[in-house]
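What follows is protein_28.csv (CSV, C-alpha atoms).
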chain,number,residue,atom,x,y,z
H,1,LYS,CA,-9.1,-20.2,-19.2
H,2,PHE,CA,-9.6,-16.6,-19.9
H,3,GLU,CA,-6.0,-15.8,-19.1
H,4,TYR,CA,-3.7,-15.0,-22.0
H,5,ASP,CA,0.1,-14.7,-22.0
H,6,MET,CA,1.1,-11.3,-23.5
H,7,THR,CA,4.8,-12.3,-24.0
H,8,GLU,CA,4.5,-12.6,-27.8
H,9,LEU,CA,2.6,-9.4,-28.2
H,10,ILE,CA,5.3,-7.6,-26.1
H,11,LYS,CA,7.9,-8.9,-28.5
H,12,LYS,CA,5.8,-8.1,-31.6
H,13,HIS,CA,5.1,-4.5,-30.5
H,14,ASN,CA,8.7,-3.9,-29.2
H,15,PHE,CA,7.3,-3.0,-25.8
H,16,ASP,CA,10.1,-2.0,-23.4
H,17,LEU,CA,9.3,-3.8,-20.1
H,18,THR,CA,12.4,-2.2,-18.5
H,19,ARG,CA,10.5,1.1,-18.3
H,20,LEU,CA,8.3,-0.3,-15.6
H,21,GLU,CA,9.2,-0.7,-12.0
H,22,PRO,CA,10.8,-4.2,-11.8
H,23,SER,CA,8.8,-5.2,-8.7
H,24,THR,CA,5.5,-4.7,-10.5
H,25,VAL,CA,6.6,-6.9,-13.4
H,26,ASP,CA,8.0,-9.5,-10.9
H,27,ALA,CA,4.6,-9.6,-9.1
H,28,VAL,CA,2.7,-10.2,-12.4
H,29,ARG,CA,5.1,-13.0,-13.3
H,30,ALA,CA,4.5,-14.6,-10.0
H,31,LEU,CA,0.8,-14.3,-10.5
H,32,SER,CA,1.1,-15.7,-14.0
H,33,LYS,CA,3.4,-18.6,-13.1
H,34,GLY,CA,6.2,-17.2,-15.2
H,35,ALA,CA,4.1,-15.8,-18.0
H,36,LEU,CA,2.7,-12.3,-18.3
H,37,TYR,CA,-1.1,-12.4,-18.1
H,38,ALA,CA,-1.4,-8.7,-17.5
H,39,LEU,CA,0.5,-5.4,-17.3
H,40,PRO,CA,0.3,-3.0,-14.4
H,41,PHE,CA,-0.9,0.6,-15.0
H,42,LYS,CA,-1.1,2.0,-11.5
H,43,MET,CA,-0.4,0.9,-7.9
H,44,ASN,CA,-0.7,1.9,-4.3
H,45,VAL,CA,1.4,1.3,-1.2
H,46,LEU,CA,0.8,1.5,2.5
H,47,SER,CA,2.1,4.4,4.6
H,48,LEU,CA,1.7,5.6,8.1
H,49,MET,CA,-0.7,8.5,8.5
H,50,TYR,CA,-0.8,10.5,11.7
H,51,ASN,CA,-3.2,13.0,13.2
H,52,LYS,CA,-1.1,16.2,13.7
H,53,ASP,CA,-3.7,17.7,16.1
H,54,LEU,CA,-3.5,14.8,18.5
H,55,PHE,CA,0.3,14.8,18.6
H,56,ASP,CA,0.2,18.6,19.2
H,57,LYS,CA,-2.5,18.2,21.9
H,58,PHE,CA,-0.3,15.8,23.8
H,59,GLY,CA,3.0,17.5,23.1
H,60,VAL,CA,4.6,14.5,21.4
H,61,PRO,CA,6.9,14.8,18.3
H,62,TYR,CA,5.5,13.7,15.0
H,63,PRO,CA,6.4,10.3,13.5
H,64,LYS,CA,9.4,10.3,11.1
H,65,ASP,CA,10.2,8.6,7.8
H,66,GLY,CA,12.2,5.4,8.3
H,67,MET,CA,10.9,4.5,11.7
H,68,THR,CA,11.0,0.8,12.8
H,69,TRP,CA,8.0,-1.1,14.0
H,70,ASP,CA,9.6,-1.2,17.4
H,71,GLU,CA,9.8,2.6,17.5
H,72,THR,CA,6.3,2.9,16.3
H,73,TYR,CA,5.1,0.5,19.0
H,74,GLU,CA,6.7,2.7,21.7
H,75,LEU,CA,5.1,5.8,20.1
H,76,ALA,CA,1.7,4.0,20.1
H,77,LYS,CA,2.0,3.3,23.8
H,78,THR,CA,2.7,7.0,24.4
H,79,MET,CA,-0.2,8.1,22.3
H,80,THR,CA,-2.8,5.6,23.8
H,81,ARG,CA,-4.5,7.4,26.6
H,82,LYS,CA,-7.9,8.4,28.0
H,83,GLU,CA,-9.0,11.9,28.6
H,84,GLY,CA,-12.5,12.3,30.1
H,85,GLU,CA,-14.8,10.0,28.3
H,86,THR,CA,-12.6,9.8,25.2
H,87,GLN,CA,-10.3,6.8,24.6
H,88,TYR,CA,-7.5,7.8,22.3
H,89,ARG,CA,-5.8,5.1,20.3
H,90,GLY,CA,-2.1,5.1,19.5
H,91,PHE,CA,-2.2,3.0,16.4
H,92,ILE,CA,-4.7,1.3,14.1
H,93,SER,CA,-4.4,-0.5,10.8
H,94,GLN,CA,-6.4,-2.5,8.3
H,95,SER,CA,-4.9,-5.8,9.2
H,96,TYR,CA,-6.1,-7.4,6.0
H,97,ASN,CA,-4.0,-5.1,3.9
H,98,LEU,CA,-1.0,-5.3,6.2
H,99,ALA,CA,-1.0,-9.1,5.8
H,100,TRP,CA,-1.8,-9.0,2.1
H,101,MET,CA,0.9,-6.4,1.3
H,102,ASN,CA,3.3,-7.6,3.9
H,103,GLN,CA,6.9,-6.4,3.9
H,104,MET,CA,8.3,-9.9,4.4
H,105,SER,CA,6.9,-11.1,1.0
H,106,LEU,CA,5.1,-13.9,2.8
H,107,GLY,CA,2.8,-16.0,0.7
H,108,PHE,CA,-0.5,-17.4,1.9
H,109,ALA,CA,-0.2,-20.8,0.2
H,110,ASP,CA,2.6,-23.1,-1.1
H,111,PRO,CA,2.5,-22.7,-4.9
H,112,LYS,CA,3.4,-26.4,-5.3
H,113,THR,CA,1.2,-28.0,-2.8
H,114,ASP,CA,-1.5,-25.3,-2.3
H,115,LYS,CA,-1.2,-25.9,1.4
H,116,PRO,CA,-1.4,-22.8,3.8
H,117,LEU,CA,1.9,-21.4,4.9
H,118,PHE,CA,0.7,-19.8,8.2
H,119,TYR,CA,2.0,-22.7,10.3
H,120,SER,CA,4.9,-24.0,8.2
H,121,ASP,CA,6.6,-20.6,7.7
H,122,ASP,CA,7.8,-19.3,11.0
H,123,ARG,CA,8.0,-15.8,9.7
H,124,TRP,CA,4.2,-15.6,9.8
H,125,GLY,CA,4.4,-16.1,13.5
H,126,GLN,CA,7.0,-13.3,13.8
H,127,TYR,CA,4.8,-11.0,11.6
H,128,VAL,CA,1.6,-11.6,13.4
H,129,ARG,CA,3.1,-11.2,16.9
H,130,SER,CA,4.7,-7.9,15.7
H,131,MET,CA,1.3,-6.6,14.6
H,132,ASN,CA,-0.8,-8.0,17.4
H,133,ARG,CA,1.2,-6.4,20.2
H,134,PHE,CA,-0.2,-3.0,19.2
H,135,TYR,CA,-3.7,-4.2,20.1
H,136,GLU,CA,-2.4,-5.6,23.4
H,137,ILE,CA,-1.6,-2.0,24.6
H,138,PRO,CA,-4.2,-1.2,27.3
H,139,GLY,CA,-6.8,1.0,25.8
H,140,ASN,CA,-5.8,0.2,22.2
H,141,ALA,CA,-7.6,-3.1,21.8
H,142,LEU,CA,-9.2,-3.6,18.3
H,143,ALA,CA,-12.8,-2.5,19.0
H,144,GLU,CA,-14.0,-2.1,15.4
H,145,THR,CA,-15.5,-5.0,13.4
H,146,THR,CA,-15.7,-3.4,10.0
H,147,PHE,CA,-13.3,-1.9,7.5
H,148,ARG,CA,-15.1,1.5,7.6
H,149,ALA,CA,-15.3,1.6,11.4
H,150,VAL,CA,-11.5,1.2,11.5
H,151,SER,CA,-11.0,4.0,8.9
H,152,ASN,CA,-13.5,6.2,10.7
H,153,ALA,CA,-11.6,6.0,14.0
H,154,PHE,CA,-8.9,8.0,12.2
H,155,LEU,CA,-10.6,10.0,9.5
H,156,VAL,CA,-14.0,10.9,11.1
H,157,ASN,CA,-13.9,10.3,14.9
H,158,LYS,CA,-10.3,11.5,15.2
H,159,VAL,CA,-9.4,9.3,18.1
H,160,ALA,CA,-6.6,7.4,16.4
H,161,ALA,CA,-3.2,9.0,16.4
H,162,MET,CA,-1.6,6.8,13.7
H,163,TYR,CA,-3.2,4.8,10.9
H,164,ALA,CA,-1.3,2.3,8.6
H,165,TYR,CA,-3.2,2.2,5.3
H,166,THR,CA,-3.2,3.8,1.8
H,167,ILE,CA,-3.7,7.6,1.9
H,168,PRO,CA,-7.0,9.3,1.1
H,169,THR,CA,-7.0,11.4,-2.0
H,170,THR,CA,-10.3,13.2,-1.4
H,171,LYS,CA,-10.9,16.0,1.1
H,172,GLN,CA,-10.9,14.9,4.8
H,173,ASP,CA,-11.8,16.7,7.9
H,174,VAL,CA,-8.8,15.4,9.9
H,175,ASN,CA,-5.5,17.3,10.0
H,176,TRP,CA,-3.3,14.5,8.8
H,177,ASP,CA,0.1,13.9,7.2
H,178,MET,CA,2.1,10.8,6.6
H,179,VAL,CA,5.5,9.1,6.8
H,180,SER,CA,6.8,5.9,5.3
H,181,LEU,CA,5.4,2.6,6.6
H,182,PRO,CA,7.5,1.5,9.6
H,183,GLU,CA,10.2,-1.1,8.8
H,184,PHE,CA,11.4,-4.3,10.4
H,185,THR,CA,14.9,-4.0,11.9
H,186,ASN,CA,16.2,-6.8,9.7
H,187,LEU,CA,14.5,-5.4,6.6
H,188,ARG,CA,15.6,-1.8,6.6
H,189,GLY,CA,14.5,0.2,3.5
H,190,VAL,CA,11.8,-2.3,2.6
H,191,GLY,CA,8.2,-0.9,2.4
H,192,SER,CA,5.0,-2.6,1.7
H,193,GLN,CA,4.3,-4.7,-1.4
H,194,ALA,CA,2.4,-2.7,-4.1
H,195,MET,CA,-1.3,-3.1,-4.6
H,196,LEU,CA,-1.4,-3.3,-8.4
H,197,THR,CA,-4.2,-2.4,-10.8
H,198,LEU,CA,-3.7,-4.7,-13.8
H,199,ALA,CA,-4.9,-4.6,-17.4
H,200,TYR,CA,-5.5,-8.0,-19.0
H,201,ILE,CA,-6.3,-9.4,-22.5
H,202,THR,CA,-8.6,-12.4,-22.5
H,203,SER,CA,-7.8,-15.5,-24.4
H,204,ILE,CA,-11.1,-15.2,-26.4
H,205,SER,CA,-10.4,-11.7,-27.6
H,206,LYS,CA,-10.6,-11.2,-31.4
H,207,HIS,CA,-8.7,-7.9,-31.1
H,208,LYS,CA,-5.6,-8.8,-29.1
H,209,ASP,CA,-3.3,-6.4,-31.0
H,210,ALA,CA,-5.6,-3.4,-30.6
H,211,ALA,CA,-6.2,-4.3,-26.9
H,212,PHE,CA,-2.4,-4.5,-26.4
H,213,GLU,CA,-1.9,-1.1,-28.0
H,214,ALA,CA,-4.5,0.4,-25.5
H,215,ILE,CA,-2.7,-1.2,-22.6
H,216,ALA,CA,0.7,0.0,-23.9
H,217,TYR,CA,-0.6,3.5,-24.0
H,218,MET,CA,-1.8,3.2,-20.4
H,219,THR,CA,1.8,2.6,-19.4
H,220,SER,CA,3.1,5.5,-21.5
H,221,ASP,CA,4.7,8.5,-19.7
H,222,GLU,CA,1.9,10.7,-21.0
H,223,TYR,CA,-0.8,8.6,-19.4
H,224,GLN,CA,1.2,7.8,-16.3
H,225,MET,CA,1.9,11.5,-15.8
H,226,ASN,CA,-1.9,12.2,-15.8
H,227,ILE,CA,-2.4,9.4,-13.2
H,228,SER,CA,0.4,10.7,-11.1
H,229,LYS,CA,-0.5,14.4,-11.1
H,230,GLN,CA,-4.1,13.7,-10.0
H,231,ALA,CA,-3.0,11.0,-7.5
H,232,LEU,CA,-5.3,8.5,-9.1
H,233,GLY,CA,-2.6,6.0,-8.2
H,234,LEU,CA,1.2,5.8,-8.0
H,235,PRO,CA,2.8,5.5,-11.4
H,236,VAL,CA,4.3,2.1,-12.5
H,237,VAL,CA,7.0,3.6,-14.7
H,238,LYS,CA,10.5,4.4,-13.5
H,239,THR,CA,10.6,7.9,-15.1
H,240,GLN,CA,11.6,10.2,-12.3
H,241,ALA,CA,9.7,13.2,-13.6
H,242,VAL,CA,6.5,11.2,-13.5
H,243,LYS,CA,7.1,10.0,-10.0
H,244,ASP,CA,8.0,13.5,-8.8
H,245,ALA,CA,4.7,14.8,-10.2
H,246,PHE,CA,2.6,12.7,-7.8
H,247,GLY,CA,-0.3,14.7,-6.4
H,248,ILE,CA,0.7,18.1,-7.7
H,249,GLU,CA,-2.7,18.7,-9.2
H,250,ASN,CA,-4.7,17.2,-6.3
H,251,PRO,CA,-5.6,20.1,-4.0
H,252,ASN,CA,-6.3,17.6,-1.1
H,253,LEU,CA,-2.6,16.5,-1.0
H,254,GLN,CA,-0.8,19.9,-1.0
H,255,GLY,CA,1.8,20.1,1.7
H,256,LYS,CA,1.7,16.4,2.5
H,257,ASN,CA,4.9,14.3,2.7
H,258,LEU,CA,4.2,12.6,-0.6
H,259,LYS,CA,7.9,11.6,-1.2
H,260,SER,CA,7.4,9.1,1.6
H,261,LEU,CA,5.3,7.0,-0.9
H,262,THR,CA,8.0,6.8,-3.5
Using structure tokens, write down the structure from this file.
Amino acid sequence: KFEYDMTELIKKHNFDLTRLEPSTVDAVRALSKGALYALPFKMNVLSLMYNKDLFDKFGVPYPKDGMTWDETYELAKTMTRKEGETQYRGFISQSYNLAWMNQMSLGFADPKTDKPLFYSDDRWGQYVRSMNRFYEIPGNALAETTFRAVSNAFLVNKVAAMYAYTIPTTKQDVNWDMVSLPEFTNLRGVGSQAMLTLAYITSISKHKDAAFEAIAYMTSDEYQMNISKQALGLPVVKTQAVKDAFGIENPNLQGKNLKSLT
């Protein structure tokens, strides 16, 4: 019972919820069963990273923004190959995050009955089949058993041509860039759900107003601009100048296709 609905504090402090990206507020309301137990102050989304050197090596054009999953699958087949003792992988992902942040907005459990939706919602079958086919490409089977091993296949060992995950903001040895996460043909223009970082006030707090003022500042354009410039996370405000500033002070992201994230 530590959760606390901020709705009255939002009214009391004249906090303008419309400044925030609507999808982030909707997500918190869903989490809070209609209330507002938290406010978002940064987020992250999935994109499709690719190894430029591997595409150059095999003379294959780079991926593009707005590709479909079907197009990505065909590209993965082209990029999956073996040279000497090295098995190159066309596509890898962190399956956990792809499911959790899925583009179909599929839930894991029925909110009324708390029963799992994997069998009752046919869209889960469509989603899983769409993702599994990548690992059925000969030579592209999922060989890794840990999160880090999957990541290392792209960032360290440089044997994966494409990697669907959140972008690294620290220096990496691999020559990478990114495009928007591939889309389903019946959901054009729909990217991943956002991975939100949320700030809460507990029900037992004796300083709820002060805590809310701190959280409100964390959603201000000033604070959001700092997050955005350093790429500490994607901003949660709609202010275009703040969104446009993403990564401009992070030397590891210079020249990257950052607009694909927003």
- Message: Restricting the calculation to all atoms listed in the file: of H:Tyr4, H:Phe91, H:Phe246, H:Tyr200, which residue gets closest to Lys229 in chain H?
- Response: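 Comparing H:Tyr4, H:Phe91, H:Phe246, H:Tyr200 against Lys229 in chain H, the winner is H:Phe246.
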- Which protein, DNA or RNA residues are at most 12 Å from (-14.1, 9.9, 16.3) in the file's coordinates when you count only C-alpha atoms, listed as a list in words?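 Residues lying no farther than 12 Å from the given point: Asn51, Leu54, Thr86, Gln87, Tyr88, Arg89, Ala149, Val150, Ser151, Asn152, Ala153, Phe154, Leu155, Val156, Asn157, Lys158, Val159, Ala160, Ala161, Asp173 and Val174 of chain H.
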- Item | Atomic distance CA of Ile201 in chain H - CA of Leu234 in chain H, expressed in Å with one decimal | 22.3 Å
- Pick the closest to Leu9 in chain H from H:Gly125, H:Leu36, H:Thr239, H:Pro22: which is it, counting only C-alpha atoms? H:Leu36
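Candidate residues H:Asp221, H:Pro61, H:Met6, H:Val190 were compared for distance to Thr262 in chain H, and the nearest is H:Val190, using all atoms listed in the file.
Separating CA of Leu232 in chain H from CA of Asn14 in chain H is a distance of 27.5 Å.
Considering the residues H:Ser95, H:Ser180, H:Thr185, H:Ser105 and counting only C-alpha atoms, Asn257 in chain H has its shortest atom-to-atom contact with H:Ser180.
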Got a sec to check which residues sit within 8 Å of (3.9, -7.6, 6.7), counting only C-alpha atoms, and write them as a CSV table (one decimal) with C-alpha atoms, in the frame of the given file?
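part-v4.csv, freshly written:
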chain,number,residue,atom,x,y,z
H,98,LEU,CA,-1.0,-5.3,6.2
H,99,ALA,CA,-1.0,-9.1,5.8
H,100,TRP,CA,-1.8,-9.0,2.1
H,101,MET,CA,0.9,-6.4,1.3
H,102,ASN,CA,3.3,-7.6,3.9
H,103,GLN,CA,6.9,-6.4,3.9
H,104,MET,CA,8.3,-9.9,4.4
H,105,SER,CA,6.9,-11.1,1.0
H,106,LEU,CA,5.1,-13.9,2.8
H,127,TYR,CA,4.8,-11.0,11.6
H,192,SER,CA,5.0,-2.6,1.7
If we count only C-alpha atoms and set the cut-off at 9 Å, which residues sit around Pro138 in chain H, ignoring sequence neighbours fewer than 3 positions away in its own chain? Please answer as an mmCIF file with C-alpha atoms, in the coordinates of the input.
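Result written to around_10.cif:
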data_model
loop_
_atom_site.group_PDB
_atom_site.id
_atom_site.type_symbol
_atom_site.label_atom_id
_atom_site.label_comp_id
_atom_site.auth_asym_id
_atom_site.auth_seq_id
_atom_site.Cartn_x
_atom_site.Cartn_y
_atom_site.Cartn_z
ATOM 1 C CA LYS H 77 2.000 3.300 23.800
ATOM 2 C CA THR H 80 -2.800 5.600 23.800
ATOM 3 C CA ARG H 81 -4.500 7.400 26.600
ATOM 4 C CA TYR H 135 -3.700 -4.200 20.100
ATOM 5 C CA ALA H 141 -7.600 -3.100 21.800
#
- Item | Neighbour list for Ser220 in chain H as a list in words, cut-off 12 Å, all atoms listed in the file, skip fewer than 2 positions in-chain | Phe15, Asp16, Leu17, Arg19, Leu20, Leu39, Pro40, Phe41, Lys42, Glu213, Ala214, Ile215, Ala216, Tyr217, Met218, Glu222, Tyr223, Gln224, Met225, Asn226, Ile227, Ser228, Pro235, Val236, Val237, Lys238, Thr239 and Val242 of chain H
- So what do you get for CA of Glu183 in chain H versus CA of Asp26 in chain H, distance-wise? 21.5 Å
- Taking all atoms listed in the file into account, which of H:Gln193, H:Asn175, H:Asn186, H:Thr24 comes nearest Lys52 in chain H?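 The answer is H:Asn175, which sits nearest to Lys52 in chain H.
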Using the block above, I'd like range 99-110 of chain H written out, keeping all heavy atoms and formatting it as a PDB file, in the first residue's frame.
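Result saved to result.pdb:
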ATOM      1  N   ALA H  99       9.185  -8.420 -26.413  1.00  0.00           N
ATOM      2  CA  ALA H  99       7.867  -8.829 -25.935  1.00  0.00           C
ATOM      3  C   ALA H  99       7.289  -7.794 -24.984  1.00  0.00           C
ATOM      4  O   ALA H  99       6.132  -7.389 -25.097  1.00  0.00           O
ATOM      5  CB  ALA H  99       7.960 -10.192 -25.246  1.00  0.00           C
ATOM      6  N   TRP H 100       8.094  -7.351 -24.061  1.00  0.00           N
ATOM      7  CA  TRP H 100       7.660  -6.398 -23.043  1.00  0.00           C
ATOM      8  C   TRP H 100       7.223  -5.067 -23.666  1.00  0.00           C
ATOM      9  O   TRP H 100       6.230  -4.473 -23.266  1.00  0.00           O
ATOM     10  CB  TRP H 100       8.820  -6.200 -22.072  1.00  0.00           C
ATOM     11  CG  TRP H 100       8.651  -5.142 -21.029  1.00  0.00           C
ATOM     12  CD1 TRP H 100       7.489  -4.707 -20.453  1.00  0.00           C
ATOM     13  CD2 TRP H 100       9.696  -4.379 -20.431  1.00  0.00           C
ATOM     14  NE1 TRP H 100       7.745  -3.736 -19.525  1.00  0.00           N
ATOM     15  CE2 TRP H 100       9.104  -3.516 -19.489  1.00  0.00           C
ATOM     16  CE3 TRP H 100      11.072  -4.354 -20.587  1.00  0.00           C
ATOM     17  CZ2 TRP H 100       9.848  -2.624 -18.719  1.00  0.00           C
ATOM     18  CZ3 TRP H 100      11.794  -3.474 -19.808  1.00  0.00           C
ATOM     19  CH2 TRP H 100      11.184  -2.622 -18.884  1.00  0.00           C
ATOM     20  N   MET H 101       7.972  -4.596 -24.665  1.00  0.00           N
ATOM     21  CA  MET H 101       7.705  -3.300 -25.291  1.00  0.00           C
ATOM     22  C   MET H 101       7.056  -3.477 -26.663  1.00  0.00           C
ATOM     23  O   MET H 101       7.220  -2.655 -27.553  1.00  0.00           O
ATOM     24  CB  MET H 101       9.021  -2.525 -25.403  1.00  0.00           C
ATOM     25  CG  MET H 101       9.685  -2.286 -24.050  1.00  0.00           C
ATOM     26  SD  MET H 101      11.446  -1.846 -24.161  1.00  0.00           S
ATOM     27  CE  MET H 101      11.339  -0.191 -24.848  1.00  0.00           C
ATOM     28  N   ASN H 102       6.288  -4.550 -26.826  1.00  0.00           N
ATOM     29  CA  ASN H 102       5.795  -4.927 -28.145  1.00  0.00           C
ATOM     30  C   ASN H 102       4.908  -3.874 -28.791  1.00  0.00           C
ATOM     31  O   ASN H 102       4.176  -3.154 -28.116  1.00  0.00           O
ATOM     32  CB  ASN H 102       5.083  -6.284 -28.081  1.00  0.00           C
ATOM     33  CG  ASN H 102       3.725  -6.194 -27.406  1.00  0.00           C
ATOM     34  OD1 ASN H 102       2.732  -5.805 -28.010  1.00  0.00           O
ATOM     35  ND2 ASN H 102       3.682  -6.558 -26.133  1.00  0.00           N
ATOM     36  N   GLN H 103       4.985  -3.818 -30.123  1.00  0.00           N
ATOM     37  CA  GLN H 103       4.276  -2.801 -30.905  1.00  0.00           C
ATOM     38  C   GLN H 103       2.776  -3.038 -31.001  1.00  0.00           C
ATOM     39  O   GLN H 103       2.042  -2.150 -31.409  1.00  0.00           O
ATOM     40  CB  GLN H 103       4.876  -2.761 -32.321  1.00  0.00           C
ATOM     41  CG  GLN H 103       6.289  -2.238 -32.345  1.00  0.00           C
ATOM     42  CD  GLN H 103       7.097  -2.820 -33.492  1.00  0.00           C
ATOM     43  OE1 GLN H 103       7.453  -3.990 -33.466  1.00  0.00           O
ATOM     44  NE2 GLN H 103       7.400  -2.023 -34.483  1.00  0.00           N
ATOM     45  N   MET H 104       2.322  -4.230 -30.656  1.00  0.00           N
ATOM     46  CA  MET H 104       0.886  -4.527 -30.712  1.00  0.00           C
ATOM     47  C   MET H 104       0.160  -4.156 -29.420  1.00  0.00           C
ATOM     48  O   MET H 104      -1.045  -4.358 -29.309  1.00  0.00           O
ATOM     49  CB  MET H 104       0.677  -6.018 -30.994  1.00  0.00           C
ATOM     50  CG  MET H 104       1.126  -6.461 -32.369  1.00  0.00           C
ATOM     51  SD  MET H 104       0.734  -8.218 -32.616  1.00  0.00           S
ATOM     52  CE  MET H 104       1.333  -8.455 -34.294  1.00  0.00           C
ATOM     53  N   SER H 105       0.907  -3.615 -28.459  1.00  0.00           N
ATOM     54  CA  SER H 105       0.327  -3.266 -27.148  1.00  0.00           C
ATOM     55  C   SER H 105      -0.323  -4.472 -26.484  1.00  0.00           C
ATOM     56  O   SER H 105      -1.366  -4.360 -25.827  1.00  0.00           O
ATOM     57  CB  SER H 105      -0.695  -2.117 -27.285  1.00  0.00           C
ATOM     58  OG  SER H 105      -0.076  -0.960 -27.775  1.00  0.00           O
ATOM     59  N   LEU H 106       0.282  -5.629 -26.667  1.00  0.00           N
ATOM     60  CA  LEU H 106      -0.252  -6.857 -26.082  1.00  0.00           C
ATOM     61  C   LEU H 106       0.092  -6.929 -24.601  1.00  0.00           C
ATOM     62  O   LEU H 106       1.238  -6.713 -24.212  1.00  0.00           O
ATOM     63  CB  LEU H 106       0.332  -8.085 -26.789  1.00  0.00           C
ATOM     64  CG  LEU H 106      -0.007  -8.233 -28.269  1.00  0.00           C
ATOM     65  CD1 LEU H 106       0.804  -9.356 -28.886  1.00  0.00           C
ATOM     66  CD2 LEU H 106      -1.496  -8.494 -28.449  1.00  0.00           C
ATOM     67  N   GLY H 107      -0.914  -7.245 -23.796  1.00  0.00           N
ATOM     68  CA  GLY H 107      -0.683  -7.411 -22.378  1.00  0.00           C
ATOM     69  C   GLY H 107      -0.284  -8.838 -22.057  1.00  0.00           C
ATOM     70  O   GLY H 107      -0.423  -9.745 -22.884  1.00  0.00           O
ATOM     71  N   PHE H 108       0.191  -9.064 -20.861  1.00  0.00           N
ATOM     72  CA  PHE H 108       0.601 -10.403 -20.436  1.00  0.00           C
ATOM     73  C   PHE H 108      -0.503 -11.117 -19.667  1.00  0.00           C
ATOM     74  O   PHE H 108      -0.578 -12.328 -19.666  1.00  0.00           O
ATOM     75  CB  PHE H 108       1.855 -10.318 -19.566  1.00  0.00           C
ATOM     76  CG  PHE H 108       3.061  -9.858 -20.331  1.00  0.00           C
ATOM     77  CD1 PHE H 108       3.459  -8.530 -20.297  1.00  0.00           C
ATOM     78  CD2 PHE H 108       3.796 -10.744 -21.104  1.00  0.00           C
ATOM     79  CE1 PHE H 108       4.568  -8.102 -21.011  1.00  0.00           C
ATOM     80  CE2 PHE H 108       4.906 -10.324 -21.819  1.00  0.00           C
ATOM     81  CZ  PHE H 108       5.289  -8.994 -21.772  1.00  0.00           C
ATOM     82  N   ALA H 109      -1.345 -10.327 -18.989  1.00  0.00           N
ATOM     83  CA  ALA H 109      -2.417 -10.929 -18.192  1.00  0.00           C
ATOM     84  C   ALA H 109      -3.682 -10.091 -18.322  1.00  0.00           C
ATOM     85  O   ALA H 109      -3.619  -8.870 -18.487  1.00  0.00           O
ATOM     86  CB  ALA H 109      -2.006 -11.025 -16.726  1.00  0.00           C
ATOM     87  N   ASP H 110      -4.831 -10.758 -18.265  1.00  0.00           N
ATOM     88  CA  ASP H 110      -6.119 -10.078 -18.287  1.00  0.00           C
ATOM     89  C   ASP H 110      -6.266  -9.286 -16.985  1.00  0.00           C
ATOM     90  O   ASP H 110      -6.195  -9.875 -15.902  1.00  0.00           O
ATOM     91  CB  ASP H 110      -7.239 -11.107 -18.405  1.00  0.00           C
ATOM     92  CG  ASP H 110      -8.604 -10.456 -18.585  1.00  0.00           C
ATOM     93  OD1 ASP H 110      -8.899  -9.497 -17.843  1.00  0.00           O
ATOM     94  OD2 ASP H 110      -9.372 -10.910 -19.446  1.00  0.00           O
TER      95      ASP H 110
END
